[in-house]
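Student: The following file, structure-v1.csv, comprises CSV, C-alpha atoms:
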```
chain,number,residue,atom,x,y,z
A,1,MET,CA,0.0,0.0,0.0
A,2,ILE,CA,2.8,2.4,1.0
A,3,SER,CA,4.7,1.7,-2.2
A,4,SER,CA,1.7,2.3,-4.3
A,5,ILE,CA,1.0,5.7,-2.7
A,6,SER,CA,4.7,6.6,-3.2
A,7,GLY,CA,4.4,5.7,-6.8
A,8,LEU,CA,1.3,7.8,-7.2
A,9,LYS,CA,3.0,10.8,-5.7
A,10,HIS,CA,6.0,10.3,-8.1
A,11,HIS,CA,3.6,10.1,-11.0
A,12,ARG,CA,1.8,13.3,-10.1
A,13,LEU,CA,5.1,15.2,-9.6
A,14,SER,CA,6.3,14.0,-13.0
A,15,GLN,CA,3.1,15.3,-14.6
A,16,ALA,CA,3.3,18.7,-12.8
A,17,PRO,CA,4.0,21.9,-14.8
A,18,SER,CA,7.7,22.5,-15.7
A,19,VAL,CA,7.7,25.6,-13.5
A,20,LEU,CA,8.4,23.3,-10.5
A,21,HIS,CA,11.7,22.2,-12.1
A,22,ASN,CA,12.8,25.8,-12.7
A,23,PRO,CA,14.5,27.2,-9.6
A,24,LYS,CA,13.7,30.8,-10.6
A,25,ALA,CA,10.2,30.1,-11.5
A,26,HIS,CA,9.8,28.1,-8.2
A,27,HIS,CA,11.2,31.1,-6.4
A,28,LEU,CA,8.5,33.2,-8.0
A,29,THR,CA,5.7,30.8,-7.0
A,30,THR,CA,6.8,30.8,-3.4
A,31,GLN,CA,7.0,34.6,-3.0
A,32,PRO,CA,3.5,36.1,-2.6
A,33,SER,CA,3.2,39.2,-4.8
A,34,THR,CA,1.9,42.4,-3.2
A,35,HIS,CA,0.5,43.4,-6.6
A,36,GLN,CA,-1.5,40.3,-7.3
A,37,PRO,CA,-5.2,41.3,-7.7
A,38,ASN,CA,-7.8,39.6,-5.7
A,39,LEU,CA,-9.8,38.1,-8.6
A,40,SER,CA,-12.5,36.6,-6.4
A,41,ALA,CA,-13.2,40.0,-4.8
A,42,GLN,CA,-13.3,41.7,-8.2
A,43,SER,CA,-15.8,39.2,-9.7
A,44,SER,CA,-18.1,39.0,-6.7
A,45,PRO,CA,-21.3,41.1,-7.0
A,46,SER,CA,-21.3,41.6,-3.3
A,47,HIS,CA,-18.2,43.8,-3.7
A,48,ILE,CA,-19.8,45.9,-6.4
A,49,PRO,CA,-21.3,49.3,-5.3
A,50,LYS,CA,-25.1,49.2,-5.8
A,51,ARG,CA,-25.2,51.9,-8.5
A,52,ASP,CA,-22.5,50.1,-10.5
A,53,PHE,CA,-24.2,46.7,-10.5
A,54,ILE,CA,-25.8,47.0,-13.9
A,55,PRO,CA,-22.5,48.1,-15.6
A,56,PHE,CA,-20.9,45.2,-13.9
A,57,LEU,CA,-23.4,42.7,-15.4
A,58,GLU,CA,-23.1,44.4,-18.8
A,59,SER,CA,-19.3,44.1,-18.7
A,60,LYS,CA,-19.6,40.4,-17.9
A,61,ARG,CA,-22.0,39.9,-20.8
A,62,GLU,CA,-19.5,41.6,-23.2
A,63,MET,CA,-16.7,39.3,-21.9
A,64,ALA,CA,-18.8,36.2,-22.4
A,65,SER,CA,-19.6,37.4,-26.0
A,66,GLU,CA,-15.9,37.8,-26.7
A,67,LEU,CA,-15.2,34.3,-25.5
A,68,ARG,CA,-17.7,32.7,-27.8
A,69,ALA,CA,-16.5,30.4,-30.5
A,70,PRO,CA,-16.2,32.2,-33.9
A,71,ASP,CA,-18.8,30.0,-35.5
A,72,PHE,CA,-21.4,30.5,-32.7
A,73,THR,CA,-24.2,32.9,-33.5
A,74,SER,CA,-26.5,34.2,-30.8
A,75,VAL,CA,-29.9,35.6,-31.5
A,76,ASP,CA,-28.6,38.8,-29.9
A,77,ASP,CA,-25.9,39.0,-32.6
A,78,ILE,CA,-28.5,39.4,-35.4
A,79,ASN,CA,-28.5,42.9,-37.0
A,80,MET,CA,-31.9,44.0,-36.1
A,81,SER,CA,-32.0,46.8,-38.7
A,82,SER,CA,-31.5,44.3,-41.5
A,83,LEU,CA,-34.9,42.7,-40.7
A,84,ALA,CA,-37.8,44.2,-42.7
A,85,GLY,CA,-40.1,46.4,-40.6
A,86,VAL,CA,-37.8,46.3,-37.5
A,87,THR,CA,-36.5,49.6,-36.3
A,88,ALA,CA,-32.8,49.8,-35.6
A,89,LEU,CA,-31.9,50.1,-31.9
A,90,GLU,CA,-30.6,53.6,-32.4
A,91,GLU,CA,-33.9,54.7,-33.9
A,92,ASP,CA,-36.3,52.8,-31.6
A,93,LYS,CA,-37.0,55.6,-29.1
A,94,LEU,CA,-39.6,53.6,-27.1
A,95,TRP,CA,-37.1,50.8,-26.5
A,96,GLN,CA,-34.4,53.3,-25.6
A,97,ARG,CA,-36.7,55.0,-23.1
A,98,MET,CA,-37.6,51.6,-21.6
A,99,ARG,CA,-33.9,50.7,-21.1
A,100,GLU,CA,-33.3,54.1,-19.5
A,101,GLU,CA,-36.2,53.5,-17.1
A,102,ALA,CA,-34.9,50.1,-16.2
A,103,ARG,CA,-31.4,51.3,-15.5
A,104,TRP,CA,-32.8,54.1,-13.2
A,105,ASP,CA,-35.1,51.6,-11.4
A,106,ALA,CA,-32.1,49.3,-10.8
A,107,VAL,CA,-30.2,52.2,-9.2
A,108,LYS,CA,-33.2,53.1,-7.0
A,109,GLU,CA,-34.0,49.4,-6.2
A,110,PRO,CA,-30.8,47.4,-6.2
A,111,LEU,CA,-32.8,44.3,-5.2
A,112,LEU,CA,-34.3,44.4,-8.7
A,113,ALA,CA,-31.0,45.0,-10.6
A,114,SER,CA,-30.5,41.4,-11.7
A,115,TYR,CA,-34.1,41.0,-12.6
A,116,LEU,CA,-34.2,44.2,-14.7
A,117,TYR,CA,-30.9,43.2,-16.4
A,118,SER,CA,-32.1,39.7,-17.4
A,119,THR,CA,-35.6,40.9,-18.6
A,120,ILE,CA,-34.7,44.2,-20.3
A,121,LEU,CA,-31.2,45.4,-20.3
A,122,SER,CA,-29.5,42.3,-21.6
A,123,HIS,CA,-31.6,42.3,-24.8
A,124,ARG,CA,-31.1,44.0,-28.1
A,125,SER,CA,-34.7,44.8,-28.9
A,126,LEU,CA,-38.2,45.2,-27.3
A,127,GLU,CA,-39.3,42.1,-29.2
A,128,ARG,CA,-36.5,40.0,-27.7
A,129,ALA,CA,-37.1,41.3,-24.2
A,130,LEU,CA,-40.9,40.7,-24.4
A,131,ALA,CA,-40.3,37.2,-25.8
A,132,PHE,CA,-38.0,36.4,-22.9
A,133,HIS,CA,-40.4,37.7,-20.3
A,134,LEU,CA,-43.5,36.0,-21.7
A,135,GLY,CA,-41.5,32.7,-22.1
A,136,ASN,CA,-40.7,32.7,-18.4
A,137,LYS,CA,-44.2,33.8,-17.4
A,138,LEU,CA,-46.0,31.1,-19.4
A,139,ALA,CA,-43.6,28.3,-18.8
A,140,SER,CA,-44.6,25.2,-16.8
A,141,SER,CA,-42.8,22.1,-15.7
A,142,THR,CA,-43.5,20.5,-19.1
A,143,LEU,CA,-43.5,23.6,-21.3
A,144,LEU,CA,-40.0,24.9,-21.0
A,145,SER,CA,-39.2,28.6,-20.9
A,146,THR,CA,-36.4,28.3,-23.5
A,147,GLN,CA,-38.7,26.7,-26.0
A,148,LEU,CA,-41.4,29.3,-25.5
A,149,CYS,CA,-38.9,32.2,-25.6
A,150,ASN,CA,-37.6,31.0,-29.0
A,151,LEU,CA,-41.1,30.4,-30.3
A,152,ILE,CA,-42.4,33.8,-29.3
A,153,SER,CA,-39.2,35.6,-30.5
A,154,ASP,CA,-39.5,33.9,-33.9
A,155,THR,CA,-43.2,34.8,-34.2
A,156,PHE,CA,-42.4,38.5,-33.4
A,157,MET,CA,-39.5,38.6,-35.9
A,158,GLU,CA,-41.6,37.0,-38.7
A,159,ASP,CA,-44.7,39.2,-38.4
A,160,GLU,CA,-44.4,42.9,-38.9
A,161,ASP,CA,-48.0,43.6,-37.9
A,162,ILE,CA,-47.4,42.0,-34.5
A,163,ARG,CA,-44.3,44.2,-34.0
A,164,ARG,CA,-46.4,47.3,-34.7
A,165,ALA,CA,-49.2,46.2,-32.4
A,166,ILE,CA,-46.7,45.6,-29.6
A,167,ARG,CA,-45.8,49.2,-29.7
A,168,ALA,CA,-49.3,50.5,-30.4
A,169,ASP,CA,-50.7,48.6,-27.4
A,170,ILE,CA,-48.1,49.9,-24.9
A,171,GLN,CA,-48.6,53.4,-26.2
A,172,ALA,CA,-52.4,53.0,-25.7
A,173,VAL,CA,-51.8,52.0,-22.1
A,174,LYS,CA,-49.6,55.1,-21.6
A,175,GLU,CA,-52.2,57.5,-23.0
A,176,ARG,CA,-55.3,56.0,-21.3
A,177,ASP,CA,-54.3,54.4,-18.0
A,178,PRO,CA,-53.7,56.9,-15.1
A,179,ALA,CA,-51.8,54.1,-13.3
A,180,PHE,CA,-49.2,54.0,-16.0
A,181,SER,CA,-45.8,55.1,-14.6
A,182,SER,CA,-43.3,53.9,-17.1
A,183,TYR,CA,-42.9,51.7,-20.2
A,184,SER,CA,-40.7,49.3,-18.4
A,185,HIS,CA,-43.3,48.9,-15.6
A,186,CYS,CA,-46.0,48.2,-18.2
A,187,LEU,CA,-43.8,45.6,-20.0
A,188,LEU,CA,-43.0,43.8,-16.8
A,189,ASN,CA,-46.2,44.1,-14.7
A,190,PHE,CA,-49.3,45.0,-16.7
A,191,LYS,CA,-50.9,41.6,-17.2
A,192,GLY,CA,-53.5,42.9,-19.6
A,193,TYR,CA,-50.7,44.1,-21.9
A,194,LEU,CA,-48.8,40.8,-21.5
A,195,ALA,CA,-51.9,38.6,-22.1
A,196,CYS,CA,-52.7,40.5,-25.3
A,197,GLN,CA,-49.2,40.0,-26.7
A,198,ALA,CA,-49.3,36.4,-25.8
A,199,TYR,CA,-52.6,36.1,-27.6
A,200,ARG,CA,-51.1,37.5,-30.7
A,201,VAL,CA,-48.6,34.7,-30.7
A,202,ALA,CA,-51.3,32.1,-30.3
A,203,HIS,CA,-53.4,33.7,-33.0
A,204,ARG,CA,-50.6,33.5,-35.5
A,205,LEU,CA,-50.0,29.9,-34.7
A,206,TRP,CA,-53.8,29.2,-35.1
A,207,LYS,CA,-53.7,30.8,-38.6
A,208,GLN,CA,-50.7,28.6,-39.5
A,209,GLY,CA,-52.7,25.5,-38.6
A,210,ARG,CA,-50.7,24.8,-35.4
A,211,THR,CA,-54.0,24.6,-33.4
A,212,ALA,CA,-52.7,22.3,-30.7
A,213,LEU,CA,-49.9,24.6,-29.7
A,214,ALA,CA,-52.1,27.7,-30.0
A,215,LEU,CA,-54.6,26.1,-27.6
A,216,ALA,CA,-51.9,25.1,-25.2
A,217,ILE,CA,-50.6,28.7,-25.1
A,218,GLN,CA,-54.2,29.9,-24.6
A,219,SER,CA,-54.6,27.6,-21.7
A,220,ARG,CA,-51.4,28.9,-20.1
A,221,ILE,CA,-52.5,32.6,-20.7
A,222,SER,CA,-55.7,31.8,-18.9
A,223,GLU,CA,-53.9,30.1,-16.0
A,224,VAL,CA,-51.2,32.8,-15.5
A,225,PHE,CA,-53.1,36.0,-16.4
A,226,HIS,CA,-56.7,35.0,-15.8
A,227,VAL,CA,-57.5,36.1,-19.3
A,228,ASP,CA,-59.2,33.7,-21.7
A,229,ILE,CA,-59.0,34.8,-25.3
A,230,HIS,CA,-59.6,32.1,-28.0
A,231,PRO,CA,-56.7,32.1,-30.4
A,232,ALA,CA,-59.1,32.2,-33.4
A,233,ALA,CA,-60.5,35.6,-32.3
A,234,HIS,CA,-59.4,38.7,-34.2
A,235,ILE,CA,-58.1,41.6,-32.3
A,236,GLY,CA,-56.7,44.9,-33.8
A,237,SER,CA,-54.0,47.2,-32.4
A,238,GLY,CA,-53.9,50.0,-30.0
A,239,ILE,CA,-55.7,47.8,-27.5
A,240,MET,CA,-55.9,48.4,-23.7
A,241,LEU,CA,-57.0,45.6,-21.5
A,242,ASP,CA,-57.2,47.4,-18.2
A,243,HIS,CA,-56.6,45.0,-15.2
A,244,ALA,CA,-58.0,42.3,-17.5
A,245,THR,CA,-58.8,39.8,-14.8
A,246,GLY,CA,-61.8,37.6,-15.9
A,247,LEU,CA,-61.8,38.8,-19.5
A,248,VAL,CA,-63.4,36.2,-21.9
A,249,VAL,CA,-63.3,36.6,-25.7
A,250,GLY,CA,-64.9,33.9,-27.7
A,251,GLU,CA,-63.7,32.1,-30.8
A,252,THR,CA,-65.5,34.1,-33.5
A,253,ALA,CA,-65.3,37.5,-31.7
A,254,ARG,CA,-63.7,40.4,-33.5
A,255,ILE,CA,-62.3,43.5,-31.8
A,256,GLY,CA,-61.3,46.6,-33.9
A,257,ASN,CA,-58.5,49.1,-33.4
A,258,ASN,CA,-58.1,51.6,-30.6
A,259,VAL,CA,-60.4,49.7,-28.2
A,260,SER,CA,-60.4,49.8,-24.3
A,261,ILE,CA,-61.8,46.9,-22.3
A,262,LEU,CA,-61.9,46.6,-18.5
A,263,HIS,CA,-61.9,43.6,-16.3
A,264,GLN,CA,-64.6,40.9,-16.0
A,265,VAL,CA,-65.9,41.6,-19.6
A,266,THR,CA,-67.4,38.7,-21.6
A,267,LEU,CA,-67.7,38.6,-25.3
A,268,GLY,CA,-69.5,35.4,-25.5
A,269,GLY,CA,-72.1,33.3,-27.4
A,270,THR,CA,-75.7,32.7,-26.5
A,271,GLY,CA,-75.2,29.0,-26.1
A,272,ALA,CA,-78.0,28.3,-28.7
A,273,VAL,CA,-76.1,28.4,-31.9
A,274,ASP,CA,-72.7,27.4,-33.4
A,275,GLY,CA,-70.7,28.9,-36.2
A,276,ASP,CA,-70.3,32.7,-36.1
A,277,ARG,CA,-71.7,33.3,-32.7
A,278,HIS,CA,-69.7,36.1,-30.9
A,279,PRO,CA,-69.8,39.9,-30.8
A,280,LYS,CA,-68.1,42.2,-33.3
A,281,ILE,CA,-66.6,45.3,-31.6
A,282,GLY,CA,-65.9,48.3,-33.7
A,283,ASP,CA,-63.0,50.8,-33.6
A,284,GLY,CA,-62.7,53.2,-30.6
A,285,VAL,CA,-65.2,51.3,-28.4
A,286,LEU,CA,-65.1,51.5,-24.6
A,287,ILE,CA,-66.4,48.5,-22.6
A,288,GLY,CA,-66.8,49.1,-18.9
A,289,ALA,CA,-66.0,46.6,-16.1
A,290,GLY,CA,-68.2,43.6,-15.9
A,291,ALA,CA,-70.1,44.2,-19.1
A,292,ILE,CA,-71.6,41.1,-20.8
A,293,ILE,CA,-72.1,41.1,-24.6
A,294,LEU,CA,-73.6,38.0,-26.0
A,295,GLY,CA,-74.3,36.7,-29.5
A,296,ASN,CA,-73.3,37.6,-33.1
A,297,ILE,CA,-74.1,41.3,-32.6
A,298,LYS,CA,-72.3,44.5,-33.6
A,299,ILE,CA,-71.1,47.3,-31.3
A,300,GLY,CA,-70.7,50.2,-33.6
A,301,ASP,CA,-67.5,52.4,-33.9
A,302,GLY,CA,-67.1,54.8,-31.1
A,303,ALA,CA,-69.8,53.3,-28.9
A,304,LYS,CA,-69.7,53.0,-25.1
A,305,ILE,CA,-70.9,50.1,-23.0
A,306,GLY,CA,-71.5,51.0,-19.4
A,307,ALA,CA,-70.1,48.9,-16.5
A,308,GLY,CA,-72.2,45.9,-15.6
A,309,SER,CA,-74.4,46.1,-18.7
A,310,VAL,CA,-75.9,43.1,-20.5
A,311,VAL,CA,-76.0,43.7,-24.2
A,312,LEU,CA,-78.0,41.3,-26.5
A,313,ILE,CA,-78.7,43.5,-29.6
A,314,ASP,CA,-76.7,45.8,-31.8
A,315,VAL,CA,-75.5,49.1,-30.5
A,316,PRO,CA,-75.3,51.9,-33.1
A,317,PRO,CA,-72.0,53.9,-33.6
A,318,ARG,CA,-71.2,56.7,-31.2
A,319,THR,CA,-74.0,55.8,-28.7
A,320,THR,CA,-74.0,54.7,-25.1
A,321,ALA,CA,-75.7,51.5,-23.9
A,322,VAL,CA,-76.2,51.0,-20.2
A,323,GLY,CA,-78.2,48.6,-17.9
A,324,ASN,CA,-79.4,45.1,-17.7
A,325,PRO,CA,-80.8,44.6,-20.2
A,326,ALA,CA,-78.9,47.5,-21.8
A,327,ARG,CA,-80.8,50.6,-23.1
A,328,LEU,CA,-79.5,53.4,-25.3
A,329,LEU,CA,-78.9,56.8,-23.6
A,330,GLY,CA,-81.5,59.2,-25.1
A,331,GLY,CA,-83.8,56.4,-26.3
A,332,LYS,CA,-83.9,54.1,-29.2
A,333,GLN,CA,-85.5,56.6,-31.6
A,334,ALA,CA,-83.0,59.5,-31.0
A,335,PRO,CA,-80.0,58.2,-29.0
A,336,THR,CA,-77.5,60.7,-27.7
A,337,LYS,CA,-74.5,60.8,-29.9
A,338,LEU,CA,-71.0,60.9,-28.5
A,339,ASN,CA,-68.7,63.7,-29.8
A,340,GLU,CA,-65.4,62.1,-28.5
A,341,ILE,CA,-63.8,58.7,-28.9
A,342,PRO,CA,-64.8,56.9,-25.6
A,343,SER,CA,-61.8,54.5,-25.7
A,344,GLU,CA,-59.5,57.5,-25.5
A,345,THR,CA,-61.4,59.6,-23.0
A,346,MET,CA,-62.1,56.6,-20.7
A,347,ASP,CA,-65.2,58.4,-19.3
A,348,HIS,CA,-67.3,55.8,-17.5
A,349,THR,CA,-69.8,57.8,-15.6
A,350,SER,CA,-70.7,61.2,-17.2
A,351,PHE,CA,-73.8,59.6,-18.9
A,352,ILE,CA,-75.5,58.8,-15.5
A,353,LYS,CA,-77.4,62.1,-15.2
A,354,GLY,CA,-79.0,61.7,-18.6
A,355,TRP,CA,-79.8,58.1,-18.0
A,356,SER,CA,-81.5,58.0,-14.6
A,357,ASP,CA,-82.2,60.0,-11.4
A,358,TYR,CA,-79.8,57.7,-9.6
A,359,VAL,CA,-79.3,58.8,-6.0
A,360,ILE,CA,-78.0,57.2,-2.7
```
Since I need it in another form, could you write the structure as structure tokens?
Tutor:
Amino acid sequence: MISSISGLKHHRLSQAPSVLHNPKAHHLTTQPSTHQPNLSAQSSPSHIPKRDFIPFLESKREMASELRAPDFTSVDDINMSSLAGVTALEEDKLWQRMREEARWDAVKEPLLASYLYSTILSHRSLERALAFHLGNKLASSTLLSTQLCNLISDTFMEDEDIRRAIRADIQAVKERDPAFSSYSHCLLNFKGYLACQAYRVAHRLWKQGRTALALAIQSRISEVFHVDIHPAAHIGSGIMLDHATGLVVGETARIGNNVSILHQVTLGGTGAVDGDRHPKIGDGVLIGAGAIILGNIKIGDGAKIGAGSVVLIDVPPRTTAVGNPARLLGGKQAPTKLNEIPSETMDHTSFIKGWSDYVI
């Protein structure tokens, strides 16, 4: 046993670097250098000042990029300006603003620095950041985030209309929601916005005939965001789904552009027919919280549906329908016409004086 151990030691010494056989080099290895940097201290995030944490992460990312094999191509290496319809990073002011907001939030809240870096600051485009965030939100134990991230990113990059809608929707939230504080906050935390963008992915998959995957994503959207939009439904751009909890949109429903919808709204069928059986919502419509609109009926452009209303028949353009069952403000023969676009004004209550003598 002793001889075998001795032989092993001799073998290891014979395989050691030649520096051990060089007296001068050996002298250097035995003398501690006062100028030797403490690499562990430099690379540890705990030694980085809070306000410098994001630059530290970015420098690490650049180092990792330099160490890649020459033939390895990352999605982040793609020249975004070469893709049709995609704005170059330097020209995408919304994305630049979002990154600035994220950096400032990381300074104010160091606890969020790593989160903000991984979701926003480490990406080259809004589409890429949104795909990463949605992929992680919608992932499950059997539906991996990396698979979803790549699927969503590819969908965004292949569809110019979706890329436009992503920006139109977030701008709609900024202009109409008093709770809006920043673009980055909307991207990360507004589940109505996130659910709508995830629906757009499922809808494109549905149109491509990939119905099983589209329905799987719909199911995850419903579970994660509590928003149930059938992937076959058609939804325009400039959409604000405020709060969005409990929203249900049926298979044959159509929603126009520049529409605002609050939580607990149902665009459903009557249960008595199949085929084309869901509502058609025009442009510029405002639908208040808890409204129920059933059947293959039309809500005209610029109409307003009051909170808690039950609508079973067509609503003319630029009119207000309120109640259960809903009635037109001003009466059926000469309904009061709206002069402004309700989805933009977000006025939910001014009609009450002309509709009833409601008092408490």
Student: List as a ChimeraX atom specification the protein and nucleic acid residues near His230 (chain A), meaning an atom at most 9 Å away when only C-alpha atoms are counted, but skip any in the same chain fewer than 2 places from it.
Tutor: /A:199,202-203,214-215,218,228,232-233,248-253
Student: Would you list the contacts of Ile166 (chain A) as a PyMOL selection string, taking every protein, DNA or RNA residue within 10 Å and counting all atoms listed in the file, but skipping same-chain residues closer than 5 positions in sequence?
Tutor: chain A and resi 126-127+130+156+160-161+171+193-194+196-197+200+237-239
Student: Figure out the distance between CA of Val265 (chain A) and CA of Phe132 (chain A), please, to one decimal in Å.
Tutor: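 So the two atoms, CA of Phe132 (chain A) and CA of Val265 (chain A), lie 28.6 Å apart.
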Student: Determine, counting all atoms listed in the file, every residue of protein, DNA or RNA that lies within 12 Å of (-33.0, 52.8, -14.8) in the file coordinates, then give the result as a PyMOL selection string.
Tutor: chain A and resi 51-55+96-110+112-113+116-117+120-121+182-185
Student: Give me the residues within 7 Å of Leu294 (chain A) as a list in words, counting all atoms listed in the file and dropping any in the same chain fewer than 2 places off.
Tutor: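 Everything that qualifies: Leu267, Gly268, Gly269, Thr270, His278, Pro279, Ile292, Val311 and Leu312 of chain A.
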Student: Could you write out the selected residues, including C-alpha atoms, as a PDB file, in the coordinates of the input?
Tutor:
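Saved result, result_5.pdb, follows:
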```pdb
ATOM      1  CA  LEU A 267     -67.700  38.600 -25.300  1.00  0.00           C
ATOM      2  CA  GLY A 268     -69.500  35.400 -25.500  1.00  0.00           C
ATOM      3  CA  GLY A 269     -72.100  33.300 -27.400  1.00  0.00           C
ATOM      4  CA  THR A 270     -75.700  32.700 -26.500  1.00  0.00           C
ATOM      5  CA  HIS A 278     -69.700  36.100 -30.900  1.00  0.00           C
ATOM      6  CA  PRO A 279     -69.800  39.900 -30.800  1.00  0.00           C
ATOM      7  CA  ILE A 292     -71.600  41.100 -20.800  1.00  0.00           C
ATOM      8  CA  VAL A 311     -76.000  43.700 -24.200  1.00  0.00           C
ATOM      9  CA  LEU A 312     -78.000  41.300 -26.500  1.00  0.00           C
TER      10      LEU A 312
END
```
Student: What's the separation between CA of Asn136 (chain A) and CA of Val224 (chain A), in Å to one decimal place?
Tutor: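 Computing it gives 10.9 Å between the two atoms.
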Student: For the atom pair CA of Asn258 (chain A) and CA of Ala289 (chain A), what is the interatomic distance in Å to one decimal place?
Tutor: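 So the two atoms, CA of Asn258 (chain A) and CA of Ala289 (chain A), lie 17.3 Å apart.
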Student: Under the rule that all atoms listed in the file are counted, which of A:Cys186, A:Gly192, A:Asn296, A:Asp177 is the nearest residue to Asp347 (chain A)?
Tutor: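 The answer is A:Asp177, which sits nearest to Asp347 (chain A).
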Student: Measuring between all atoms listed in the file, which one of A:Leu134, A:Ile299, A:Val227, A:Ala212 shows the shortest distance to Leu188 (chain A)?
Tutor: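 Looking at the shortest contact to Leu188 (chain A), the residue is A:Leu134.
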Student: Fewer than 6 positions away in the same chain doesn't count, so skip those; otherwise give me all residues within 12 Å of Leu143 (chain A), counting only C-alpha atoms, as an NGL selection string.
Tutor: :A and (135-137 or 149 or 151 or 213 or 216-217 or 219-220)
Student: Could you tell me which of A:Asn324, A:Ser153, A:Ser260, A:Asn189 comes closest to Ala303 (chain A) if we count only C-alpha atoms?
Tutor: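 The shortest atom-to-atom distance to Ala303 (chain A) comes from A:Ser260.
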Student: Which residue gives the smallest distance to Tyr115 (chain A) among A:Met240, A:Ala129, A:Ala139, A:Ala334, with only C-alpha atoms counted?
Tutor: A:Ala129
Student: For Gly323 (chain A), please output as a PyMOL selection string all residues within 7 Å (counting all atoms listed in the file; exclusion window: fewer than 5 positions along the same chain).
Tutor: chain A and resi 308-310
Student: In terms of the shortest atom-to-atom distance over all atoms listed in the file, which of A:Ala198, A:Ala244, A:Leu144, A:Ala172 is closest to Ala131 (chain A)?
Tutor: A:Ala198
Student: Given the choices A:Met157, A:Ile313, A:Ile281, A:Val201, which gets closest to Asn257 (chain A) if the distance is worked out from only C-alpha atoms?
Tutor: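 Counting only C-alpha atoms, the residue closest to Asn257 (chain A) is A:Ile281.
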